[in-house]
Amino acid sequence: MTGPKTNERPGTRATLRGFPMSASKARQVLDLIRGEDVTTARDILALTTREAALVVGKVLASAVANAVNNDAQVADELYVSAAYADEGVTMKRFTPRARGRAGKIMKRSTHITVIVSRMDEERLALMRVARSAQAVASRARRVSSSRRRADQTASVNRRESAAEAAAESAALEQEDVYEETTAEEEFSGAAHQNVEGVDASEVTEEETTGEENVDEKTEETN
């Protein structure tokens with residue numbers, strides 16, 4: 001018994017007709033997302049480098065929008081139930097070749113169709129369990145990452161505090177050394193002044209004694 005016809009498959013569809021690309025190129029991309037849920041299909045198309053991936057992504061987005069707006073479906077509960085590419089109109093062109101011959105050029109086109117349907121309850125339950133486990137694992141990774149950043153920040157703060165304390169202690173030591181040096185200089189300056197004062201007084205006394213001796217000799221001579 002044959003399967004359902006193309007136009008009788010259940011689900012919400014979106015079709016792009018007459019796109020200038022061969023059907024074989026589009027089928028290679030459609031094979032990647034067939035049977036996948038919408039979120040996974042979007043991720044696959046985002047990481048696919050083929051030119052058809054961009055076009056198929058737009059058709060998939062249109063099918064999801066039709067299901068949400070026209071059939072009141074939930075986007076997260078949809079999956080790609082069918083995806084196929086049919087041959088479109090082929091334009092024949094010719095290019096001149098050697099010895100009067102002509103080379104045939106086939107400009108092919110394709111009709112891309114994507115059908116999305118709601119997943120059954122068993123698959124939805126499995127998907128919810130997987131997403132909850134993924135959310136728990138993601139939260140655990142975020143918590144561990146935040147704790148690691150906090151530990152790194154605390155370590156940096158401790159190093160900075162230690163460096164600041166060392167700088168303050170060094171500054172205090174320099175101040176103490178400066179104060180001691182200043183006190184020694186002041187003490188040496190005062191001692192030098194006292195010595196100079198004593199020398200000046202001795203010189204004055206000697207001068208006075210000399211004058212007195214001169215006066216005495218003068219008187220004796222007289």
# chains A, B, ... in the order shown; residues from 1 in each chain; ligands from 1
>>> residues_around(residues="A:Leu60", least_positions_apart="4", cutoff="7 Å", atoms="only C-alpha atoms", output="JSON, numbers by chain")
{"A": [56, 64, 114]}
>>> write_last_selection(atoms="C-alpha atoms", output="PDB file, in the first residue's frame")
ATOM      1  CA  VAL A  56      15.176  26.201   3.598  1.00  0.00           C
ATOM      2  CA  VAL A  64       6.018  27.509  11.693  1.00  0.00           C
ATOM      3  CA  VAL A 114       8.294  21.946   4.357  1.00  0.00           C
TER       4      VAL A 114
END
>>> residues_around(residues="A:Val74", least_positions_apart="6", cutoff="12 Å", atoms="only C-alpha atoms", output="list in words")
Val38, Val64, Ala65, Asn66, Ala67, Val68, Val116, Ser117, Arg118, Met119 and Leu124 of chain A
>>> select_by_dssp(residues="stretch 6-219 of chain A", states="strand (DSSP E)", output="MDAnalysis selection string")
chainID A and resid 12:19 78:87 91:96 102:107 110:118
>>> closest_residue(among="A:Val129, A:Ala171, A:Val89, A:Ile112", to="A:Val59", atoms="only C-alpha atoms")
A:Ile112
>>> residues_around(residues="A:Glu51", least_positions_apart="6", cutoff="10 Å", atoms="only C-alpha atoms", output="ChimeraX atom specification")
/A:21,25-26,29
>>> write_last_selection(atoms="N, CA and C atoms", output="PDB file, in the first residue's frame")
ATOM      1  N   MET A  21      17.488  26.811  -8.315  1.00  0.00           N
ATOM      2  CA  MET A  21      18.463  25.881  -7.745  1.00  0.00           C
ATOM      3  C   MET A  21      18.032  24.479  -8.124  1.00  0.00           C
ATOM      4  N   LYS A  25      20.436  19.728  -4.868  1.00  0.00           N
ATOM      5  CA  LYS A  25      21.128  20.557  -3.874  1.00  0.00           C
ATOM      6  C   LYS A  25      20.222  20.865  -2.690  1.00  0.00           C
ATOM      7  N   ALA A  26      18.946  21.119  -2.965  1.00  0.00           N
ATOM      8  CA  ALA A  26      18.011  21.392  -1.875  1.00  0.00           C
ATOM      9  C   ALA A  26      17.732  20.137  -1.055  1.00  0.00           C
ATOM     10  N   VAL A  29      20.087  19.368   1.905  1.00  0.00           N
ATOM     11  CA  VAL A  29      19.839  20.132   3.133  1.00  0.00           C
ATOM     12  C   VAL A  29      18.558  19.662   3.804  1.00  0.00           C
TER      13      VAL A  29
END
>>> select_by_dssp(residues="stretch 25-202 of chain A", states="helix (DSSP H, G or I)", output="number ranges by chain")
A: 25-33, 38-46, 51-70, 75-77, 98-100, 121-202
>>> closest_residue(among="A:Ala135, A:Ala63, A:Ala162, A:Ala154", to="A:Ala83", atoms="only C-alpha atoms")
A:Ala63
>>> residues_around(residues="A:Met127", least_positions_apart="4", cutoff="12 Å", atoms="only C-alpha atoms", output="MDAnalysis selection string")
chainID A and resid 36:40 76:79 119:123 131:134
>>> residues_around(residues="A:Arg17", least_positions_apart="3", cutoff="8 Å", atoms="only C-alpha atoms", output="PyMOL selection string")
chain A and resi 88+110-112
>>> write_last_selection(atoms="C-alpha atoms", output="compact mmCIF listing (two decimals), in the first residue's frame")
# COMPACT_ATOMS: atom_id res chain seq x y z
CA GLY A 88 10.67 22.91 -11.42
CA THR A 110 12.94 23.61 -7.73
CA HIS A 111 9.81 23.71 -5.58
CA ILE A 112 10.68 23.39 -1.86
>>> closest_residue(among="A:Thr12, A:Asn157, A:Gln28, A:Ala130", to="A:Ala75", atoms="only C-alpha atoms")
A:Thr12
>>> decode(residues="stretch 44-71 of chain A", atoms="N, CA and C atoms", output="compact mmCIF listing (two decimals), in the first residue's frame")
# COMPACT_ATOMS: atom_id res chain seq x y z
N ILE A 44 20.52 23.32 13.17
CA ILE A 44 21.22 22.61 12.10
C ILE A 44 21.38 23.52 10.89
N LEU A 45 20.33 24.22 10.52
CA LEU A 45 20.41 25.10 9.35
C LEU A 45 21.35 26.28 9.60
N ALA A 46 21.40 26.76 10.85
CA ALA A 46 22.29 27.88 11.15
C ALA A 46 23.76 27.49 11.02
N LEU A 47 24.06 26.20 11.25
CA LEU A 47 25.45 25.74 11.18
C LEU A 47 25.79 25.08 9.86
N THR A 48 24.86 25.06 8.92
CA THR A 48 25.11 24.46 7.61
C THR A 48 25.59 25.55 6.65
N THR A 49 26.67 25.28 5.94
CA THR A 49 27.30 26.29 5.08
C THR A 49 26.78 26.25 3.64
N ARG A 50 25.87 25.38 3.33
CA ARG A 50 25.36 25.32 1.96
C ARG A 50 24.42 26.49 1.67
N GLU A 51 24.34 26.86 0.39
CA GLU A 51 23.48 27.98 0.01
C GLU A 51 22.02 27.67 0.26
N ALA A 52 21.63 26.41 0.08
CA ALA A 52 20.23 26.04 0.25
C ALA A 52 19.77 26.15 1.70
N ALA A 53 20.68 26.17 2.66
CA ALA A 53 20.29 26.23 4.06
C ALA A 53 19.54 27.52 4.38
N LEU A 54 19.97 28.64 3.80
CA LEU A 54 19.29 29.91 4.04
C LEU A 54 17.87 29.89 3.50
N VAL A 55 17.70 29.33 2.31
CA VAL A 55 16.36 29.28 1.70
C VAL A 55 15.46 28.33 2.48
N VAL A 56 15.98 27.16 2.84
CA VAL A 56 15.18 26.20 3.60
C VAL A 56 14.82 26.77 4.97
N GLY A 57 15.72 27.54 5.57
CA GLY A 57 15.40 28.17 6.85
C GLY A 57 14.23 29.13 6.73
N LYS A 58 14.17 29.89 5.66
CA LYS A 58 13.04 30.80 5.46
C LYS A 58 11.74 30.04 5.25
N VAL A 59 11.79 28.95 4.50
CA VAL A 59 10.58 28.14 4.29
C VAL A 59 10.13 27.52 5.60
N LEU A 60 11.07 27.04 6.41
CA LEU A 60 10.72 26.47 7.71
C LEU A 60 10.09 27.52 8.62
N ALA A 61 10.64 28.72 8.64
CA ALA A 61 10.07 29.80 9.45
C ALA A 61 8.65 30.13 9.00
N SER A 62 8.42 30.12 7.68
CA SER A 62 7.08 30.38 7.16
C SER A 62 6.10 29.29 7.58
N ALA A 63 6.54 28.03 7.53
CA ALA A 63 5.67 26.93 7.95
C ALA A 63 5.31 27.03 9.43
N VAL A 64 6.29 27.35 10.27
CA VAL A 64 6.02 27.51 11.69
C VAL A 64 5.06 28.66 11.94
N ALA A 65 5.25 29.78 11.23
CA ALA A 65 4.35 30.92 11.39
C ALA A 65 2.93 30.56 10.95
N ASN A 66 2.79 29.80 9.87
CA ASN A 66 1.46 29.37 9.45
C ASN A 66 0.80 28.48 10.51
N ALA A 67 1.58 27.59 11.12
CA ALA A 67 1.01 26.71 12.14
C ALA A 67 0.59 27.49 13.38
N VAL A 68 1.38 28.50 13.76
CA VAL A 68 1.06 29.27 14.96
C VAL A 68 -0.13 30.18 14.72
N ASN A 69 -0.15 30.87 13.58
CA ASN A 69 -1.19 31.87 13.33
C ASN A 69 -2.49 31.28 12.78
N ASN A 70 -2.38 30.27 11.95
CA ASN A 70 -3.58 29.72 11.30
C ASN A 70 -4.17 28.52 12.04
N ASP A 71 -3.31 27.66 12.63
CA ASP A 71 -3.79 26.45 13.27
C ASP A 71 -3.66 26.46 14.79
